[in-house]
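Asks: Pasting my_file.pdb here (PDB, C-alpha atoms):
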```pdb
ATOM      1  CA  MET A   1      22.808   2.244   4.969
ATOM      2  CA  ASP A   2      25.797   3.969   3.435
ATOM      3  CA  ALA A   3      26.618   2.468   0.044
ATOM      4  CA  ARG A   4      30.287   2.172   1.073
ATOM      5  CA  THR A   5      29.424  -0.303   3.838
ATOM      6  CA  ALA A   6      26.129  -1.880   2.653
ATOM      7  CA  ARG A   7      26.325  -5.530   1.624
ATOM      8  CA  ILE A   8      23.775  -5.031  -1.169
ATOM      9  CA  CYS A   9      24.123  -1.999  -3.443
ATOM     10  CA  TYR A  10      22.733  -1.042  -6.842
ATOM     11  CA  GLU A  11      25.578  -2.943  -8.533
ATOM     12  CA  ASP A  12      24.548  -6.213  -6.867
ATOM     13  CA  PHE A  13      21.128  -6.495  -8.522
ATOM     14  CA  GLU A  14      21.195  -8.634 -11.635
ATOM     15  CA  VAL A  15      18.315  -8.515 -14.075
ATOM     16  CA  GLY A  16      16.610 -11.918 -13.992
ATOM     17  CA  SER A  17      17.885 -12.859 -10.532
ATOM     18  CA  VAL A  18      15.363 -14.283  -8.081
ATOM     19  CA  ARG A  19      15.302 -13.926  -4.279
ATOM     20  CA  THR A  20      12.912 -15.693  -1.889
ATOM     21  CA  TYR A  21      12.044 -14.592   1.660
ATOM     22  CA  GLY A  22       9.800 -15.887   4.410
ATOM     23  CA  PRO A  23       7.763 -17.617   5.612
ATOM     24  CA  ARG A  24       6.130 -14.972   7.765
ATOM     25  CA  ARG A  25       3.139 -16.099   9.834
ATOM     26  CA  VAL A  26       0.265 -13.641  10.184
ATOM     27  CA  THR A  27      -1.739 -13.878  13.395
ATOM     28  CA  ARG A  28      -5.418 -13.128  13.943
ATOM     29  CA  GLU A  29      -4.400 -10.497  16.521
ATOM     30  CA  GLU A  30      -2.216  -8.683  13.955
ATOM     31  CA  ILE A  31      -5.007  -8.718  11.370
ATOM     32  CA  ILE A  32      -7.497  -7.221  13.810
ATOM     33  CA  GLU A  33      -4.977  -4.755  15.231
ATOM     34  CA  PHE A  34      -4.077  -3.388  11.779
ATOM     35  CA  ALA A  35      -7.706  -3.260  10.688
ATOM     36  CA  THR A  36      -8.776  -1.468  13.865
ATOM     37  CA  GLU A  37      -6.258   1.298  13.200
ATOM     38  CA  PHE A  38      -6.276   1.555   9.404
ATOM     39  CA  ASP A  39      -9.051  -0.431   7.707
ATOM     40  CA  PRO A  40     -11.978  -0.984  10.093
ATOM     41  CA  GLN A  41     -14.265  -2.734   7.627
ATOM     42  CA  PRO A  42     -16.275  -5.612   9.167
ATOM     43  CA  MET A  43     -14.663  -8.328   6.976
ATOM     44  CA  HIS A  44     -11.240  -7.453   8.464
ATOM     45  CA  LEU A  45     -12.484  -7.400  12.077
ATOM     46  CA  ASP A  46     -15.055 -10.104  12.584
ATOM     47  CA  ASP A  47     -15.419 -13.767  11.518
ATOM     48  CA  GLU A  48     -19.164 -13.651  10.973
ATOM     49  CA  ALA A  49     -19.008 -10.417   8.935
ATOM     50  CA  GLY A  50     -16.135 -11.919   6.970
ATOM     51  CA  ARG A  51     -18.171 -15.028   6.145
ATOM     52  CA  LYS A  52     -21.013 -12.900   4.824
ATOM     53  CA  SER A  53     -18.675 -10.818   2.634
ATOM     54  CA  MET A  54     -17.209 -11.461  -0.794
ATOM     55  CA  LEU A  55     -14.049 -12.645   1.020
ATOM     56  CA  LYS A  56     -15.916 -15.595   2.617
ATOM     57  CA  GLY A  57     -14.173 -15.315   5.992
ATOM     58  CA  LEU A  58     -12.057 -13.027   8.152
ATOM     59  CA  ALA A  59      -9.265 -11.660   5.949
ATOM     60  CA  GLY A  60      -6.453  -9.164   6.444
ATOM     61  CA  SER A  61      -6.614  -5.714   4.880
ATOM     62  CA  GLY A  62      -4.825  -5.600   1.537
ATOM     63  CA  TRP A  63      -2.857  -2.635   2.877
ATOM     64  CA  GLN A  64      -1.630  -4.813   5.714
ATOM     65  CA  THR A  65      -0.499  -7.397   3.161
ATOM     66  CA  CYS A  66       1.452  -4.586   1.461
ATOM     67  CA  ALA A  67       2.958  -3.544   4.793
ATOM     68  CA  LEU A  68       3.896  -7.162   5.565
ATOM     69  CA  MET A  69       5.466  -7.430   2.118
ATOM     70  CA  MET A  70       7.479  -4.303   2.950
ATOM     71  CA  ARG A  71       8.661  -5.824   6.211
ATOM     72  CA  MET A  72       9.635  -9.075   4.503
ATOM     73  CA  ILE A  73      11.654  -7.176   1.907
ATOM     74  CA  TYR A  74      13.281  -5.174   4.712
ATOM     75  CA  ASP A  75      14.181  -8.281   6.715
ATOM     76  CA  GLY A  76      15.380 -10.166   3.664
ATOM     77  CA  LEU A  77      17.243  -7.486   1.810
ATOM     78  CA  LEU A  78      16.827  -3.813   2.626
ATOM     79  CA  HIS A  79      18.318  -3.945   6.132
ATOM     80  CA  GLU A  80      21.763  -4.664   4.703
ATOM     81  CA  SER A  81      21.340  -2.620   1.537
ATOM     82  CA  SER A  82      21.901   0.928   0.373
ATOM     83  CA  SER A  83      18.115   1.447  -0.041
ATOM     84  CA  LEU A  84      17.158   5.101  -0.426
ATOM     85  CA  GLY A  85      13.388   4.746  -0.524
ATOM     86  CA  ALA A  86      10.925   4.105  -3.324
ATOM     87  CA  PRO A  87       9.060   6.238  -5.866
ATOM     88  CA  GLY A  88       6.059   3.949  -6.116
ATOM     89  CA  VAL A  89       4.370   0.754  -7.201
ATOM     90  CA  ASP A  90       3.334   0.088 -10.795
ATOM     91  CA  GLU A  91       0.814  -2.539  -9.917
ATOM     92  CA  MET A  92      -0.554  -4.425  -6.927
ATOM     93  CA  ARG A  93      -3.034  -7.279  -7.265
ATOM     94  CA  TRP A  94      -4.761  -8.739  -4.241
ATOM     95  CA  VAL A  95      -5.443 -12.180  -5.685
ATOM     96  CA  ARG A  96      -6.637 -14.139  -2.624
ATOM     97  CA  PRO A  97      -7.552 -13.198   0.935
ATOM     98  CA  VAL A  98      -4.860 -13.465   3.617
ATOM     99  CA  ARG A  99      -6.258 -15.498   6.528
ATOM    100  CA  PRO A 100      -5.240 -15.746  10.194
ATOM    101  CA  ASN A 101      -2.214 -18.050  10.587
ATOM    102  CA  ASP A 102      -1.298 -17.905   6.901
ATOM    103  CA  GLU A 103       2.426 -18.364   6.335
ATOM    104  CA  LEU A 104       3.503 -15.944   3.648
ATOM    105  CA  THR A 105       6.500 -16.254   1.352
ATOM    106  CA  ILE A 106       7.658 -13.738  -1.239
ATOM    107  CA  LYS A 107       9.606 -14.298  -4.422
ATOM    108  CA  ILE A 108      11.102 -11.223  -6.085
ATOM    109  CA  THR A 109      12.527 -11.173  -9.582
ATOM    110  CA  CYS A 110      14.713  -8.296 -10.749
ATOM    111  CA  LEU A 111      13.147  -6.899 -13.937
ATOM    112  CA  GLU A 112      15.144  -3.832 -14.792
ATOM    113  CA  LYS A 113      17.755  -1.385 -13.481
ATOM    114  CA  ARG A 114      18.407   2.162 -14.514
ATOM    115  CA  ASP A 115      20.918   4.857 -13.531
ATOM    116  CA  SER A 116      19.398   8.015 -12.113
ATOM    117  CA  LYS A 117      19.925  10.887 -14.549
ATOM    118  CA  SER A 118      19.924  13.585 -11.897
ATOM    119  CA  ARG A 119      21.840  11.737  -9.165
ATOM    120  CA  PRO A 120      24.958   9.874 -10.349
ATOM    121  CA  ALA A 121      25.309   7.976  -7.046
ATOM    122  CA  VAL A 122      21.792   6.509  -7.298
ATOM    123  CA  GLY A 123      20.097   3.847  -9.422
ATOM    124  CA  LEU A 124      16.541   2.592  -9.739
ATOM    125  CA  VAL A 125      15.768  -1.146  -9.568
ATOM    126  CA  ARG A 126      12.411  -2.605 -10.620
ATOM    127  CA  HIS A 127      11.185  -5.953  -9.290
ATOM    128  CA  ASP A 128       8.261  -8.295  -9.850
ATOM    129  CA  LEU A 129       6.936  -9.807  -6.663
ATOM    130  CA  GLU A 130       4.769 -12.828  -5.946
ATOM    131  CA  MET A 131       3.460 -13.612  -2.470
ATOM    132  CA  THR A 132       2.200 -17.121  -1.733
ATOM    133  CA  ASN A 133       0.655 -18.884   1.268
ATOM    134  CA  ALA A 134       1.617 -22.280   2.738
ATOM    135  CA  LYS A 135      -0.564 -24.016   0.131
ATOM    136  CA  SER A 136       1.523 -22.309  -2.575
ATOM    137  CA  GLU A 137      -1.507 -20.276  -3.641
ATOM    138  CA  VAL A 138      -0.678 -16.804  -4.913
ATOM    139  CA  VAL A 139      -2.207 -14.205  -2.594
ATOM    140  CA  MET A 140      -0.647 -11.054  -4.058
ATOM    141  CA  THR A 141       1.454  -9.967  -7.018
ATOM    142  CA  SER A 142       3.201  -6.663  -7.557
ATOM    143  CA  SER A 143       5.648  -4.745  -9.651
ATOM    144  CA  TYR A 144       7.525  -1.979  -7.821
ATOM    145  CA  SER A 145      10.687   0.121  -7.923
ATOM    146  CA  GLY A 146      13.244   1.235  -5.371
ATOM    147  CA  PHE A 147      16.250   3.575  -5.273
ATOM    148  CA  PHE A 148      19.623   2.168  -4.219
ATOM    149  CA  GLY A 149      22.953   3.864  -3.669
ATOM    150  CA  LYS A 150      25.912   2.824  -5.796
ATOM    151  CA  ARG A 151      29.053   1.429  -4.243
ATOM    152  CA  ASN A 152      31.178   2.905  -7.022
ATOM    153  CA  PRO A 153      29.287   5.893  -8.463
ATOM    154  CA  GLY A 154      32.120   6.622 -10.899
ATOM    155  CA  ALA A 155      32.224   3.153 -12.486
ATOM    156  CA  ALA A 156      30.144   2.123 -15.478
ATOM    157  CA  SER A 157      27.336  -0.220 -14.342
TER     158      SER A 157
ATOM    159  CA  MET B   1     -22.015   4.150  -0.619
ATOM    160  CA  LYS B   2     -24.552   3.858  -3.384
ATOM    161  CA  TYR B   3     -25.196   1.030  -5.793
ATOM    162  CA  PHE B   4     -22.964   0.677  -8.844
ATOM    163  CA  GLU B   5     -25.826   2.008 -10.987
ATOM    164  CA  ASP B   6     -25.901   5.255  -8.978
ATOM    165  CA  LEU B   7     -22.218   6.113  -9.542
ATOM    166  CA  LYS B   8     -21.032   8.607 -12.172
ATOM    167  CA  VAL B   9     -17.638   9.000 -13.806
ATOM    168  CA  GLY B  10     -16.176  12.352 -12.775
ATOM    169  CA  ALA B  11     -17.836  12.408  -9.359
ATOM    170  CA  ALA B  12     -15.251  13.611  -6.833
ATOM    171  CA  ARG B  13     -15.212  13.885  -3.073
ATOM    172  CA  THR B  14     -12.902  14.780  -0.226
ATOM    173  CA  LEU B  15     -12.412  11.790   2.037
ATOM    174  CA  GLY B  16     -10.743  13.344   5.076
ATOM    175  CA  SER B  17      -7.389  14.156   6.662
ATOM    176  CA  TYR B  18      -4.740  12.359   8.700
ATOM    177  CA  THR B  19      -1.940  13.970  10.681
ATOM    178  CA  PHE B  20       1.436  12.241  10.834
ATOM    179  CA  THR B  21       3.302  12.536  14.130
ATOM    180  CA  ALA B  22       6.767  11.324  15.153
ATOM    181  CA  GLU B  23       4.957   8.810  17.359
ATOM    182  CA  ASN B  24       2.680   7.279  14.707
ATOM    183  CA  ILE B  25       5.409   7.388  12.019
ATOM    184  CA  LYS B  26       7.846   5.476  14.236
ATOM    185  CA  ARG B  27       5.222   3.066  15.532
ATOM    186  CA  PHE B  28       4.231   2.060  11.977
ATOM    187  CA  ALA B  29       7.888   1.875  10.899
ATOM    188  CA  ARG B  30       8.948  -0.317  13.828
ATOM    189  CA  LYS B  31       6.336  -2.883  12.844
ATOM    190  CA  TYR B  32       6.397  -2.755   9.049
ATOM    191  CA  ASP B  33       9.195  -0.616   7.603
ATOM    192  CA  PRO B  34      12.111  -0.104   9.994
ATOM    193  CA  GLN B  35      14.370   1.783   7.585
ATOM    194  CA  PRO B  36      16.449   4.371   9.452
ATOM    195  CA  PHE B  37      14.815   7.388   7.743
ATOM    196  CA  HIS B  38      11.417   6.293   9.153
ATOM    197  CA  LEU B  39      12.705   5.638  12.684
ATOM    198  CA  ASP B  40      15.526   7.953  13.579
ATOM    199  CA  GLU B  41      15.675  11.748  13.206
ATOM    200  CA  GLU B  42      19.468  11.839  12.976
ATOM    201  CA  ALA B  43      19.697   9.099  10.320
ATOM    202  CA  ALA B  44      16.878  10.759   8.369
ATOM    203  CA  LYS B  45      18.772  14.055   8.301
ATOM    204  CA  ASN B  46      21.554  12.347   6.354
ATOM    205  CA  SER B  47      19.172  10.526   3.986
ATOM    206  CA  LEU B  48      17.776  11.666   0.631
ATOM    207  CA  PHE B  49      14.662  12.856   2.500
ATOM    208  CA  GLY B  50      16.490  15.231   4.855
ATOM    209  CA  ALA B  51      14.179  14.656   7.841
ATOM    210  CA  LEU B  52      12.158  11.921   9.525
ATOM    211  CA  CYS B  53       9.360  10.867   7.165
ATOM    212  CA  ALA B  54       6.556   8.326   7.086
ATOM    213  CA  SER B  55       6.775   4.935   5.398
ATOM    214  CA  GLY B  56       4.953   5.128   2.084
ATOM    215  CA  TRP B  57       2.810   2.240   3.296
ATOM    216  CA  HIS B  58       1.803   4.322   6.300
ATOM    217  CA  THR B  59       0.632   7.035   3.867
ATOM    218  CA  GLY B  60      -1.351   4.351   2.033
ATOM    219  CA  ALA B  61      -2.822   2.798   5.191
ATOM    220  CA  ALA B  62      -3.852   6.233   6.503
ATOM    221  CA  CYS B  63      -5.638   6.859   3.205
ATOM    222  CA  MET B  64      -7.570   3.623   3.644
ATOM    223  CA  ARG B  65      -8.603   4.739   7.130
ATOM    224  CA  VAL B  66      -9.997   8.080   5.976
ATOM    225  CA  MET B  67     -11.764   6.276   3.122
ATOM    226  CA  VAL B  68     -13.486   3.877   5.535
ATOM    227  CA  ASP B  69     -14.385   6.778   7.844
ATOM    228  CA  ALA B  70     -15.878   8.694   4.898
ATOM    229  CA  GLU B  71     -17.963   5.669   3.944
ATOM    230  CA  LYS B  72     -19.245   5.317   7.510
ATOM    231  CA  ARG B  73     -20.076   9.029   7.723
ATOM    232  CA  GLU B  74     -21.971   8.935   4.444
ATOM    233  CA  ALA B  75     -23.765   5.733   5.451
ATOM    234  CA  GLU B  76     -24.988   7.409   8.646
ATOM    235  CA  GLN B  77     -26.209  10.413   6.675
ATOM    236  CA  ALA B  78     -28.016   8.132   4.228
ATOM    237  CA  ARG B  79     -29.605   6.204   7.109
ATOM    238  CA  ALA B  80     -30.710   9.491   8.683
ATOM    239  CA  ARG B  81     -32.451  10.371   5.407
ATOM    240  CA  GLY B  82     -34.154   6.979   5.489
ATOM    241  CA  GLU B  83     -32.190   5.723   2.469
ATOM    242  CA  GLU B  84     -30.863   2.238   1.946
ATOM    243  CA  VAL B  85     -27.185   1.788   2.855
ATOM    244  CA  VAL B  86     -24.917  -0.347   0.658
ATOM    245  CA  SER B  87     -21.438  -1.453   1.736
ATOM    246  CA  PHE B  88     -18.700  -1.435  -0.879
ATOM    247  CA  GLY B  89     -16.970  -4.691  -1.626
ATOM    248  CA  PRO B  90     -13.268  -5.502  -1.478
ATOM    249  CA  SER B  91     -10.647  -4.237  -3.913
ATOM    250  CA  PRO B  92      -8.773  -6.452  -6.374
ATOM    251  CA  GLY B  93      -5.744  -4.135  -6.273
ATOM    252  CA  PHE B  94      -4.381  -0.848  -7.570
ATOM    253  CA  LYS B  95      -2.095   0.644 -10.184
ATOM    254  CA  ASN B  96       0.455   3.435 -10.495
ATOM    255  CA  LEU B  97       0.840   4.249  -6.847
ATOM    256  CA  LYS B  98       3.239   7.180  -6.502
ATOM    257  CA  TRP B  99       4.937   8.590  -3.436
ATOM    258  CA  LEU B 100       5.540  12.008  -4.962
ATOM    259  CA  ARG B 101       7.016  13.754  -1.920
ATOM    260  CA  PRO B 102       8.044  12.685   1.552
ATOM    261  CA  VAL B 103       5.469  12.997   4.340
ATOM    262  CA  PHE B 104       7.182  14.615   7.321
ATOM    263  CA  VAL B 105       6.389  14.885  11.038
ATOM    264  CA  GLY B 106       3.514  17.348  11.533
ATOM    265  CA  ASP B 107       2.182  17.031   7.975
ATOM    266  CA  THR B 108      -1.579  16.754   7.583
ATOM    267  CA  ILE B 109      -2.553  14.941   4.409
ATOM    268  CA  THR B 110      -6.005  15.495   2.952
ATOM    269  CA  TYR B 111      -7.136  12.647   0.729
ATOM    270  CA  SER B 112      -9.687  12.904  -2.060
ATOM    271  CA  SER B 113     -10.966  10.599  -4.740
ATOM    272  CA  GLU B 114     -12.557  10.823  -8.157
ATOM    273  CA  ILE B 115     -14.372   8.114 -10.120
ATOM    274  CA  THR B 116     -12.532   7.562 -13.409
ATOM    275  CA  GLY B 117     -14.307   4.507 -14.773
ATOM    276  CA  LEU B 118     -17.167   2.068 -14.197
ATOM    277  CA  ARG B 119     -17.098  -1.399 -15.674
ATOM    278  CA  GLU B 120     -19.671  -4.169 -15.641
ATOM    279  CA  LEU B 121     -18.269  -7.614 -14.932
ATOM    280  CA  ALA B 122     -18.832 -10.506 -17.284
ATOM    281  CA  SER B 123     -17.997 -12.954 -14.480
ATOM    282  CA  ARG B 124     -20.561 -11.780 -11.937
ATOM    283  CA  SER B 125     -23.862  -9.987 -12.089
ATOM    284  CA  ASP B 126     -23.970  -8.888  -8.419
ATOM    285  CA  TYR B 127     -20.946  -6.547  -8.546
ATOM    286  CA  GLY B 128     -19.473  -3.904 -10.847
ATOM    287  CA  LEU B 129     -15.924  -2.573 -10.839
ATOM    288  CA  MET B 130     -15.225   1.078  -9.984
ATOM    289  CA  HIS B 131     -11.956   2.722 -11.039
ATOM    290  CA  GLY B 132     -10.798   5.861  -9.259
ATOM    291  CA  LEU B 133      -7.910   8.245  -8.829
ATOM    292  CA  THR B 134      -7.148   8.876  -5.166
ATOM    293  CA  ILE B 135      -4.709  11.603  -4.155
ATOM    294  CA  GLY B 136      -3.177  12.962  -0.953
ATOM    295  CA  VAL B 137      -2.255  16.652  -0.609
ATOM    296  CA  ASN B 138      -0.282  18.186   2.270
ATOM    297  CA  GLN B 139      -1.069  21.399   4.173
ATOM    298  CA  ASN B 140       1.016  23.377   1.659
ATOM    299  CA  GLY B 141      -1.138  22.222  -1.234
ATOM    300  CA  GLU B 142       1.547  19.856  -2.563
ATOM    301  CA  ARG B 143       0.440  16.492  -3.853
ATOM    302  CA  VAL B 144       2.406  13.828  -1.982
ATOM    303  CA  TYR B 145       0.593  10.631  -2.919
ATOM    304  CA  GLN B 146      -1.656   9.177  -5.577
ATOM    305  CA  PHE B 147      -2.858   5.845  -6.859
ATOM    306  CA  GLU B 148      -5.381   4.374  -9.264
ATOM    307  CA  SER B 149      -7.837   2.443  -7.149
ATOM    308  CA  THR B 150     -10.341  -0.268  -8.004
ATOM    309  CA  ALA B 151     -13.215  -1.625  -5.922
ATOM    310  CA  PHE B 152     -16.089  -4.032  -6.345
ATOM    311  CA  ILE B 153     -19.406  -2.205  -5.893
ATOM    312  CA  PRO B 154     -22.688  -4.076  -5.366
ATOM    313  CA  ARG B 155     -25.228  -3.785  -8.167
ATOM    314  CA  ARG B 156     -28.815  -2.867  -7.555
ATOM    315  CA  PRO B 157     -30.795  -6.090  -7.112
ATOM    316  CA  LYS B 158     -33.142  -6.654 -10.017
TER     317      LYS B 158
END
```
Turn the structure described in the file into structure tokens.

Replies:
Amino acid sequence: MDARTARICYEDFEVGSVRTYGPRRVTREEIIEFATEFDPQPMHLDDEAGRKSMLKGLAGSGWQTCALMMRMIYDGLLHESSSLGAPGVDEMRWVRPVRPNDELTIKITCLEKRDSKSRPAVGLVRHDLEMTNAKSEVVMTSSYSGFFGKRNPGAAS
Amino acid sequence: MKYFEDLKVGAARTLGSYTFTAENIKRFARKYDPQPFHLDEEAAKNSLFGALCASGWHTGAACMRVMVDAEKREAEQARARGEEVVSFGPSPGFKNLKWLRPVFVGDTITYSSEITGLRELASRSDYGLMHGLTIGVNQNGERVYQFESTAFIPRRPK
């Protein structure tokens, strides 16, 4: 979204601020559908194979958990922001398996923001993220960065 | 996949390739990352990327798929040679994932992986931890994607 009309721009992120989004329920069908296309390992496709694995039951692919995280950030924040994409992820930890019917919540904490040196209308924002299930158990943690357009590129931030 | 004891730091292999189409880019984006530059050619033209491009998580998921396919292929070859086949365990996560360049419609990304470290685990004797660097290169030889992977690998039963 254009930074002139977006509700959330680079200027609106405050270091230390916390945002919470969710819950997002994950269905068994979604887990199997994602795994069939992108991660067809038995523990992501079949209950019995899951039980026999280190994950002790059918569990979603970690890459699906990342994709779900992405969607939750989009629905919570990016859809009304001046997001310009992301350069990468510093760290991703898959702490606990995501099970069918888990209800996932994410909490993101703004860690740092930095003006782009090469593009005056752009800034980089770094967040810490924690994803929990309905039992408040942490299933995933991450630290990642994203580019956002500035509402007032000329002003000091 | 071999046992943890059979792995060597520096061992590298090509995993396979995945071709990104407008159809699969948009299908992934609709479900998981519906930002305009992943869904709409016109909006993408006016974005930093300049053309419709894949969600970075699609690039990552596609890498996982070619990795699983490579494992299956190698397992079949091992079985054909009459060797024991060992399945790799899950991954506890990754570090320093970088989307270095956009992945556009029609790009074919070839993924490869190198073992960068092998660590025994104090907490369990049945698995070791493998560290790797996995990269994705497009048809023009440009690196578009990389991350530092980790995976639990079964140890040879004593």

Asks: Distance atom CA of Asp39 of chain A-atom CA of Pro36 of chain B, one decimal place?

Replies: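 Atom CA of Pro36 of chain B lies at a distance of 26.0 Å from atom CA of Asp39 of chain A.
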
Asks: Set out as a tab-separated table a contact list for segment 19-118 of chain B and segment 56-77 of chain A with a cut-off of 12 Å, giving each residue of segment 19-118 of chain B that qualifies its closest atom pair and distance in Å to one decimal, counting all atoms listed in the file, ordered by chain and rising residue number.

Replies:
```
residue	atom	partner	partner_atom	distance
B:Phe28	CA	A:Ala67	CA	9.2
B:Ala29	CA	A:Arg71	CA	9.0
B:Arg30	CA	A:Arg71	CA	9.4
B:Lys31	CA	A:Arg71	CA	7.6
B:Tyr32	CA	A:Arg71	CA	4.8
B:Asp33	CA	A:Arg71	CA	5.4
B:Pro34	CA	A:Tyr74	CA	7.4
B:Gln35	CA	A:Tyr74	CA	7.6
B:Pro36	CA	A:Tyr74	CA	11.1
B:Ser55	CA	A:Ala67	CA	9.3
B:Gly56	CA	A:Ala67	CA	9.3
B:Trp57	CA	A:Ala67	CA	6.0
B:His58	CA	A:Ala67	CA	8.1
B:Thr59	CA	A:Trp63	CA	10.3
B:Gly60	CA	A:Trp63	CA	7.2
B:Ala61	CA	A:Trp63	CA	5.9
B:Ala62	CA	A:Trp63	CA	9.6
B:Cys63	CA	A:Trp63	CA	9.9
B:Met64	CA	A:Trp63	CA	7.9
B:Arg65	CA	A:Trp63	CA	10.3
B:Val68	CA	A:Ser61	CA	11.8
B:Gly89	CA	A:Lys56	CA	11.7
B:Pro90	CA	A:Gly62	CA	9.0
B:Ser91	CA	A:Gly62	CA	8.1
B:Pro92	CA	A:Gly62	CA	8.9
B:Gly93	CA	A:Gly62	CA	8.0
B:Phe94	CA	A:Gly62	CA	10.3
```

Asks: Pick out the residues sitting within 7 Å of Val105 of chain B, and hand them over as a short mmCIF file (atom, residue, chain, number, x, y, z; two decimals) with C-alpha atoms, in the coordinates of the input; count only C-alpha atoms, and ignore anything fewer than 6 positions along from it in its own chain.

Replies:
```cif
data_model
loop_
_atom_site.label_atom_id
_atom_site.label_comp_id
_atom_site.auth_asym_id
_atom_site.auth_seq_id
_atom_site.Cartn_x
_atom_site.Cartn_y
_atom_site.Cartn_z
CA PHE B 20 1.44 12.24 10.83
CA THR B 21 3.30 12.54 14.13
CA ALA B 22 6.77 11.32 15.15
CA LEU B 52 12.16 11.92 9.52
CA CYS B 53 9.36 10.87 7.16
#
```

Asks: Going by the chain IDs and residue numbers used in this file, which residues fall under the PyMOL selection byres ((chain B and resi 143) around 12)? Write them as JSON, numbers by chain.

Replies: {"B": [98, 99, 100, 101, 102, 103, 107, 108, 109, 110, 111, 112, 134, 135, 136, 137, 138, 139, 140, 141, 142, 144, 145, 146, 147]}

Asks: Now that the selection is made, can you save its residues with C-alpha atoms as a PDB file, in the coordinates of the input?

Replies:
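This went into again20.pdb:
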```
ATOM      1  CA  LYS B  98       3.239   7.180  -6.502  1.00  0.00           C
ATOM      2  CA  TRP B  99       4.937   8.590  -3.436  1.00  0.00           C
ATOM      3  CA  LEU B 100       5.540  12.008  -4.962  1.00  0.00           C
ATOM      4  CA  ARG B 101       7.016  13.754  -1.920  1.00  0.00           C
ATOM      5  CA  PRO B 102       8.044  12.685   1.552  1.00  0.00           C
ATOM      6  CA  VAL B 103       5.469  12.997   4.340  1.00  0.00           C
ATOM      7  CA  ASP B 107       2.182  17.031   7.975  1.00  0.00           C
ATOM      8  CA  THR B 108      -1.579  16.754   7.583  1.00  0.00           C
ATOM      9  CA  ILE B 109      -2.553  14.941   4.409  1.00  0.00           C
ATOM     10  CA  THR B 110      -6.005  15.495   2.952  1.00  0.00           C
ATOM     11  CA  TYR B 111      -7.136  12.647   0.729  1.00  0.00           C
ATOM     12  CA  SER B 112      -9.687  12.904  -2.060  1.00  0.00           C
ATOM     13  CA  THR B 134      -7.148   8.876  -5.166  1.00  0.00           C
ATOM     14  CA  ILE B 135      -4.709  11.603  -4.155  1.00  0.00           C
ATOM     15  CA  GLY B 136      -3.177  12.962  -0.953  1.00  0.00           C
ATOM     16  CA  VAL B 137      -2.255  16.652  -0.609  1.00  0.00           C
ATOM     17  CA  ASN B 138      -0.282  18.186   2.270  1.00  0.00           C
ATOM     18  CA  GLN B 139      -1.069  21.399   4.173  1.00  0.00           C
ATOM     19  CA  ASN B 140       1.016  23.377   1.659  1.00  0.00           C
ATOM     20  CA  GLY B 141      -1.138  22.222  -1.234  1.00  0.00           C
ATOM     21  CA  GLU B 142       1.547  19.856  -2.563  1.00  0.00           C
ATOM     22  CA  VAL B 144       2.406  13.828  -1.982  1.00  0.00           C
ATOM     23  CA  TYR B 145       0.593  10.631  -2.919  1.00  0.00           C
ATOM     24  CA  GLN B 146      -1.656   9.177  -5.577  1.00  0.00           C
ATOM     25  CA  PHE B 147      -2.858   5.845  -6.859  1.00  0.00           C
TER      26      PHE B 147
END
```

Asks: Show which residues sit within 10 Å of segment 74-84 of chain B, as a list of chain:residue names. Count only C-alpha atoms, and ignore same-chain residues fewer than 3 positions away.

Replies: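 Contacts, with the query itself left out: B:Met1, B:Lys2, B:Tyr3, B:Val68, B:Asp69, B:Ala70, B:Glu71, B:Ser87.
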
Asks: Apply the PyMOL selection byres ((chain A and resi 104-121) around 7) to the displayed file and report the matching residues as an MDAnalysis selection string.

Replies: chainID A and resid 14:25 102:103 122:134 149:150 153

Asks: Name the closest residue to Asn24 of chain B among the candidates B:Asp6, B:Gly106, B:Asn96, B:Glu41; distances are taken between atoms, counting all atoms listed in the file.

Replies: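 Ranked by minimum distance to Asn24 of chain B, first place goes to B:Gly106.
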
Asks: When the ChimeraX specification (/B :<10) & /A is applied to the structure above, which residues does it catch, written out as a VMD selection string?

Replies: chain A and resid 1 to 2 34 to 43 53 to 55 61 to 64 66 to 75 78 to 79 83 to 97 140 to 144

Asks: Which residue, B:Glu23, B:Glu114, B:Glu5, B:Asp40, has the smallest gap to Arg155 of chain B when you use only C-alpha atoms?

Replies: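 The closest residue to Arg155 of chain B is B:Glu5.
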